[in-house]
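Pasted below: entry19.cif, mmCIF, C-alpha atoms.
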data_upload
#
loop_
_atom_site.label_atom_id
_atom_site.label_comp_id
_atom_site.auth_asym_id
_atom_site.auth_seq_id
_atom_site.Cartn_x
_atom_site.Cartn_y
_atom_site.Cartn_z
CA MET A 1 96.81 56.25 97.59
CA THR A 2 100.43 55.11 97.76
CA GLY A 3 101.93 58.37 98.91
CA GLY A 4 101.89 61.77 97.37
CA ARG A 5 104.46 64.03 95.90
CA VAL A 6 105.47 67.39 97.30
CA VAL A 7 105.53 70.08 94.62
CA LEU A 8 106.95 73.58 95.12
CA VAL A 9 105.90 76.19 92.54
CA GLY A 10 107.63 79.56 92.80
CA GLY A 11 107.97 82.67 90.73
CA GLY A 12 107.18 86.34 90.52
CA VAL A 13 103.82 88.02 90.87
CA ARG A 14 101.52 87.33 87.89
CA SER A 15 104.06 84.89 86.43
CA GLY A 16 101.53 82.07 85.91
CA LYS A 17 102.52 80.01 88.96
CA SER A 18 99.06 79.79 90.57
CA ARG A 19 97.35 78.84 87.31
CA PHE A 20 100.00 76.14 86.76
CA ALA A 21 99.59 74.87 90.34
CA VAL A 22 95.79 74.65 90.01
CA ASP A 23 96.11 72.77 86.71
CA LEU A 24 98.61 70.40 88.31
CA ALA A 25 96.33 69.79 91.31
CA LEU A 26 93.35 69.10 89.06
CA LYS A 27 95.33 66.27 87.42
CA ARG A 28 96.55 64.70 90.67
CA GLY A 29 93.34 63.74 92.42
CA GLU A 30 89.56 64.00 92.69
CA ARG A 31 89.33 65.01 96.35
CA ARG A 32 91.05 68.41 96.40
CA VAL A 33 91.58 70.97 99.13
CA PHE A 34 92.71 74.53 98.51
CA ILE A 35 94.31 76.13 101.57
CA ALA A 36 94.15 79.89 101.16
CA THR A 37 96.43 82.08 103.26
CA ALA A 38 95.19 85.52 102.17
CA GLN A 39 93.55 87.92 104.60
CA ALA A 40 91.25 90.75 103.60
CA PHE A 41 92.73 93.91 105.06
CA ASP A 42 90.84 96.12 102.60
CA ASP A 43 87.87 96.03 100.22
CA GLU A 44 89.96 95.26 97.13
CA MET A 45 91.46 92.19 98.80
CA ALA A 46 88.06 91.08 100.07
CA ASP A 47 86.73 91.26 96.49
CA ARG A 48 89.76 89.35 95.19
CA ILE A 49 89.30 86.60 97.79
CA ALA A 50 85.57 86.32 97.02
CA ARG A 51 86.29 86.08 93.28
CA HIS A 52 88.86 83.32 93.82
CA ARG A 53 86.45 81.35 96.03
CA VAL A 54 83.85 81.40 93.24
CA GLU A 55 86.42 80.42 90.58
CA ARG A 56 87.51 77.27 92.41
CA ALA A 57 84.22 76.36 94.16
CA GLU A 58 83.46 73.32 92.00
CA ALA A 59 87.00 71.94 91.91
CA PHE A 60 88.24 72.43 95.49
CA GLU A 61 87.11 72.47 99.07
CA THR A 62 88.50 75.78 100.32
CA VAL A 63 90.03 76.18 103.77
CA GLU A 64 91.04 79.62 105.01
CA ALA A 65 94.27 79.32 107.03
CA PRO A 66 96.12 82.62 107.21
CA THR A 67 98.40 81.54 110.08
CA ASP A 68 98.05 77.84 110.96
CA LEU A 69 98.85 75.79 107.88
CA VAL A 70 99.81 72.71 109.88
CA ALA A 71 96.37 72.51 111.51
CA ALA A 72 94.69 73.00 108.15
CA LEU A 73 96.71 70.12 106.68
CA ARG A 74 95.86 67.83 109.60
CA LEU A 75 92.14 68.58 109.39
CA ARG A 76 91.86 67.32 105.81
CA PRO A 77 93.19 63.72 105.82
CA HIS A 78 90.68 62.72 103.11
CA ALA A 79 92.24 64.91 100.43
CA GLU A 80 94.11 63.32 97.55
CA VAL A 81 95.72 66.65 96.74
CA VAL A 82 96.23 69.78 98.81
CA LEU A 83 97.12 73.10 97.20
CA ILE A 84 98.54 75.83 99.45
CA ASP A 85 98.42 79.32 97.97
CA CYS A 86 100.51 81.04 99.03
CA LEU A 87 103.49 80.46 101.28
CA THR A 88 104.78 84.03 101.18
CA LEU A 89 101.39 85.44 102.21
CA TRP A 90 101.47 83.02 105.16
CA LEU A 91 104.97 84.22 106.09
CA SER A 92 103.90 87.88 105.91
CA ASN A 93 100.87 87.07 108.08
CA LEU A 94 103.19 85.58 110.71
CA LEU A 95 105.49 88.61 110.58
CA LEU A 96 102.59 91.06 110.85
CA ARG A 97 101.25 89.07 113.80
CA GLY A 98 104.55 89.78 115.55
CA ASP A 99 106.31 86.43 115.20
CA THR A 100 110.10 86.62 115.32
CA GLU A 101 112.39 85.12 112.70
CA ALA A 102 113.09 82.26 115.11
CA ASP A 103 109.34 81.68 115.67
CA ILE A 104 108.80 81.57 111.92
CA ALA A 105 111.68 79.14 111.41
CA VAL A 106 109.98 76.80 113.87
CA GLU A 107 106.65 77.14 112.00
CA VAL A 108 108.34 76.49 108.66
CA GLY A 109 109.97 73.38 110.15
CA ARG A 110 106.59 72.17 111.42
CA LEU A 111 105.09 72.77 107.98
CA ALA A 112 107.93 70.93 106.22
CA GLU A 113 107.51 67.94 108.54
CA ALA A 114 103.73 67.91 108.08
CA VAL A 115 104.08 68.08 104.30
CA ALA A 116 106.65 65.27 104.30
CA ARG A 117 104.33 63.01 106.35
CA ARG A 118 101.19 63.49 104.23
CA ARG A 119 100.05 60.67 102.02
CA SER A 120 98.36 63.08 99.62
CA HIS A 121 100.01 65.25 97.00
CA VAL A 122 100.85 68.71 98.30
CA VAL A 123 101.36 71.61 95.92
CA ILE A 124 102.79 74.78 97.47
CA VAL A 125 102.71 78.12 95.65
CA THR A 126 105.17 80.82 96.68
CA ASN A 127 106.55 84.13 95.47
CA GLU A 128 110.26 84.43 94.78
CA VAL A 129 111.17 87.70 96.45
CA GLY A 130 114.96 87.49 96.59
CA MET A 131 115.82 88.46 93.03
CA GLY A 132 115.40 92.22 93.33
CA ILE A 133 117.10 95.01 95.19
CA VAL A 134 117.77 94.89 98.92
CA PRO A 135 114.59 96.21 100.58
CA GLU A 136 114.87 99.65 102.16
CA SER A 137 113.03 98.79 105.39
CA ARG A 138 114.03 96.38 108.13
CA LEU A 139 110.67 94.58 107.81
CA GLY A 140 111.22 94.17 104.07
CA ARG A 141 114.70 92.69 104.61
CA VAL A 142 113.43 90.34 107.32
CA PHE A 143 110.59 89.21 105.05
CA ARG A 144 112.99 88.56 102.16
CA ASP A 145 115.30 86.56 104.44
CA VAL A 146 112.47 84.58 106.06
CA ALA A 147 111.05 83.73 102.64
CA GLY A 148 114.43 82.65 101.28
CA ARG A 149 115.06 80.35 104.25
CA ALA A 150 111.52 78.93 104.03
CA HIS A 151 112.00 78.19 100.32
CA GLN A 152 115.26 76.39 101.01
CA ARG A 153 113.69 74.30 103.79
CA LEU A 154 110.63 73.32 101.78
CA ALA A 155 112.74 72.60 98.70
CA GLN A 156 114.44 69.89 100.78
CA GLU A 157 111.09 68.06 100.97
CA ALA A 158 110.01 68.76 97.39
CA ASP A 159 109.91 65.95 94.84
CA GLU A 160 109.21 68.51 92.13
CA ILE A 161 110.14 72.18 91.86
CA TYR A 162 108.87 74.55 89.18
CA PHE A 163 109.74 78.20 88.55
CA ALA A 164 107.34 80.52 86.73
CA VAL A 165 108.78 83.43 84.83
CA LEU A 166 107.26 85.57 82.05
CA GLY A 167 104.30 83.20 81.84
CA ALA A 168 106.55 80.20 81.21
CA ILE A 169 107.09 77.31 83.61
CA VAL A 170 110.61 75.97 84.06
CA ARG A 171 111.05 72.60 85.75
CA LEU A 172 113.96 72.64 88.19
CA ARG A 173 113.40 69.23 89.84
CA PRO A 174 113.50 66.62 88.61
CA SER A 175 115.85 67.78 85.91
CA ALA A 176 115.28 66.48 82.41
CA ASP A 177 117.82 63.71 82.93
CA GLU A 178 116.05 62.62 86.14
CA VAL A 179 112.61 62.10 84.63
CA PRO A 180 111.87 58.49 83.73
CA PRO A 181 111.25 58.03 80.00
CA GLY A 182 107.57 58.41 79.04
CA SER A 183 106.52 60.12 82.28
CA THR A 184 104.98 63.57 82.59
CA PRO A 185 104.57 65.93 85.54
#

Have the structure of the file written as structure tokens, please.
Amino acid sequence: MTGGRVVLVGGGVRSGKSRFAVDLALKRGERRVFIATAQAFDDEMADRIARHRVERAEAFETVEAPTDLVAALRLRPHAEVVLIDCLTLWLSNLLLRGDTEADIAVEVGRLAEAVARRRSHVVIVTNEVGMGIVPESRLGRVFRDVAGRAHQRLAQEADEIYFAVLGAIVRLRPSADEVPPGSTP
């Protein structure tokens, strides 16, 4: 492997971003790792997590990493492609654990550095949460701000950025004039 690309895939809930990210990961390598950040706080979420594990069992090695993404990345040096789903769940896990905004900024920096150093492709899925109304609660506003700053930081490392909206995928980086002729994502 000559070095991987960092891909950031954002969008709203049920916009098609995770399906797009999985399809992208399937095309980028045979040895695939799926880093899941979800935690089962109730039966519905436990069922959802179990269903997702079954769906990707043949295509990905799954690693559960609700709070330490950097360690999960380091423990899988063999992977040709790593898919992280999802960044905003990870951020909410850190907030609910009691991490401060400053603590989270440090963790996001560590993640960005780890992603930039990997030789494999890294695909990161995240929810865009800053396009709606200002959240009513302090926690909601902090989450929105933390997510926005994390997106900006990780976008600095991203070779490719995609935005999912209404089931359509819009490529933001590279722009159409930046893509070499004849190449595809």

Return as lines of an AutoDock Vina configuration file the centre and edge lengths, in Å with one decimal, of the box along x, y and z that encloses every atom of stretch 76-87 of chain A in the file, padded by 4 Å per side.
center_x = 97.1
center_y = 71.9
center_z = 101.3
size_x = 20.8
size_y = 26.3
size_z = 17.1

Problem - All residues 12 Å or closer to A:Asp85, only C-alpha atoms, same chain fewer than 6 positions away omitted, as a count of residues only - result: 32

Handout entry: Option closest in space to A:Ala116, from A:Arg153, A:Arg28, A:Arg53, A:His78 [counting all atoms listed in the file]
Key =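 That would be A:Arg153, the residue with the smallest distance to A:Ala116.
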
Problem - Closest of A:Arg144, A:His151, A:Arg171, A:His121 to A:Leu83 - atom-to-atom distances counting only C-alpha atoms - result: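 Smallest distance to A:Leu83 is found for A:His121.
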
Exercise for the section: Mind giving me the straight-line distance from atom CA of A:Gln156 to atom CA of A:Val106 in Å, one decimal? Expected result: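 Result for atom CA of A:Gln156 versus atom CA of A:Val106: 15.5 Å, one decimal.
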
Problem - Answer key for the PyMOL selection byres ((chain A and resi 163) around 6), residues as a ChimeraX atom specification - result: /A:9-11,162,164,169-170

Handout entry: Spatial neighbours of A:Gly132, max dist 12 Å, only C-alpha atoms, sep filter under 6 positions, as a PyMOL selection string
Key = chain A and resi 12+140-141+144

Practice task
Could you list the residues chosen by the PyMOL selection byres ((chain A and resi 113) around 12) in this structure as a ChimeraX atom specification?
Solution key: /A:6,69-70,73-74,106-112,114-118,153-154,156-158

Save out the residues we just selected, C-alpha atoms, as a PDB file, in the coordinates of the input.
ATOM      1  CA  VAL A   6     105.470  67.390  97.300  1.00  0.00           C
ATOM      2  CA  LEU A  69      98.850  75.790 107.880  1.00  0.00           C
ATOM      3  CA  VAL A  70      99.810  72.710 109.880  1.00  0.00           C
ATOM      4  CA  LEU A  73      96.710  70.120 106.680  1.00  0.00           C
ATOM      5  CA  ARG A  74      95.860  67.830 109.600  1.00  0.00           C
ATOM      6  CA  VAL A 106     109.980  76.800 113.870  1.00  0.00           C
ATOM      7  CA  GLU A 107     106.650  77.140 112.000  1.00  0.00           C
ATOM      8  CA  VAL A 108     108.340  76.490 108.660  1.00  0.00           C
ATOM      9  CA  GLY A 109     109.970  73.380 110.150  1.00  0.00           C
ATOM     10  CA  ARG A 110     106.590  72.170 111.420  1.00  0.00           C
ATOM     11  CA  LEU A 111     105.090  72.770 107.980  1.00  0.00           C
ATOM     12  CA  ALA A 112     107.930  70.930 106.220  1.00  0.00           C
ATOM     13  CA  ALA A 114     103.730  67.910 108.080  1.00  0.00           C
ATOM     14  CA  VAL A 115     104.080  68.080 104.300  1.00  0.00           C
ATOM     15  CA  ALA A 116     106.650  65.270 104.300  1.00  0.00           C
ATOM     16  CA  ARG A 117     104.330  63.010 106.350  1.00  0.00           C
ATOM     17  CA  ARG A 118     101.190  63.490 104.230  1.00  0.00           C
ATOM     18  CA  ARG A 153     113.690  74.300 103.790  1.00  0.00           C
ATOM     19  CA  LEU A 154     110.630  73.320 101.780  1.00  0.00           C
ATOM     20  CA  GLN A 156     114.440  69.890 100.780  1.00  0.00           C
ATOM     21  CA  GLU A 157     111.090  68.060 100.970  1.00  0.00           C
ATOM     22  CA  ALA A 158     110.010  68.760  97.390  1.00  0.00           C
TER      23      ALA A 158
END

Practice task
Choose the residue, out of A:Val81, A:Leu26, A:Leu139, A:Val54, that has the smallest atom-to-atom separation from A:Thr100; count only C-alpha atoms.
Solution key: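 Looking at the shortest contact to A:Thr100, the residue is A:Leu139.
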
Practice task
Just give me the gap between atom CA of A:Thr88 and atom CA of A:Arg14 in Å, one decimal is fine.
Solution key: 14.1 Å

Practice task
Go ahead and compute the interatomic distance for atom CA of A:Ile104 and atom CA of A:Val142, in Å to one decimal.
Solution key: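 Distance reported for this atom pair: 10.9 Å.
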
Problem - From A:Leu24, A:Ala102, A:Leu89, A:Ile133, residue lying nearest A:Ala40 [all atoms listed in the file] - result: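 Once distances to A:Ala40 are computed over all atoms listed in the file, the minimum belongs to A:Leu89.
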
Handout entry: Residues near A:Gly148, cut-off 8 Å, only C-alpha atoms, skip fewer than 3 positions along chain, as a VMD selection string
Key = chain A and resid 128 to 130 144 to 145 151 to 152

Given the selection you just returned, output its residues as a file containing C-alpha atoms, formatted as a PDB file, keeping the file's coordinate frame.
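Output below, filename part_17.pdb:
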ATOM      1  CA  GLU A 128     110.260  84.430  94.780  1.00  0.00           C
ATOM      2  CA  VAL A 129     111.170  87.700  96.450  1.00  0.00           C
ATOM      3  CA  GLY A 130     114.960  87.490  96.590  1.00  0.00           C
ATOM      4  CA  ARG A 144     112.990  88.560 102.160  1.00  0.00           C
ATOM      5  CA  ASP A 145     115.300  86.560 104.440  1.00  0.00           C
ATOM      6  CA  HIS A 151     112.000  78.190 100.320  1.00  0.00           C
ATOM      7  CA  GLN A 152     115.260  76.390 101.010  1.00  0.00           C
TER       8      GLN A 152
END
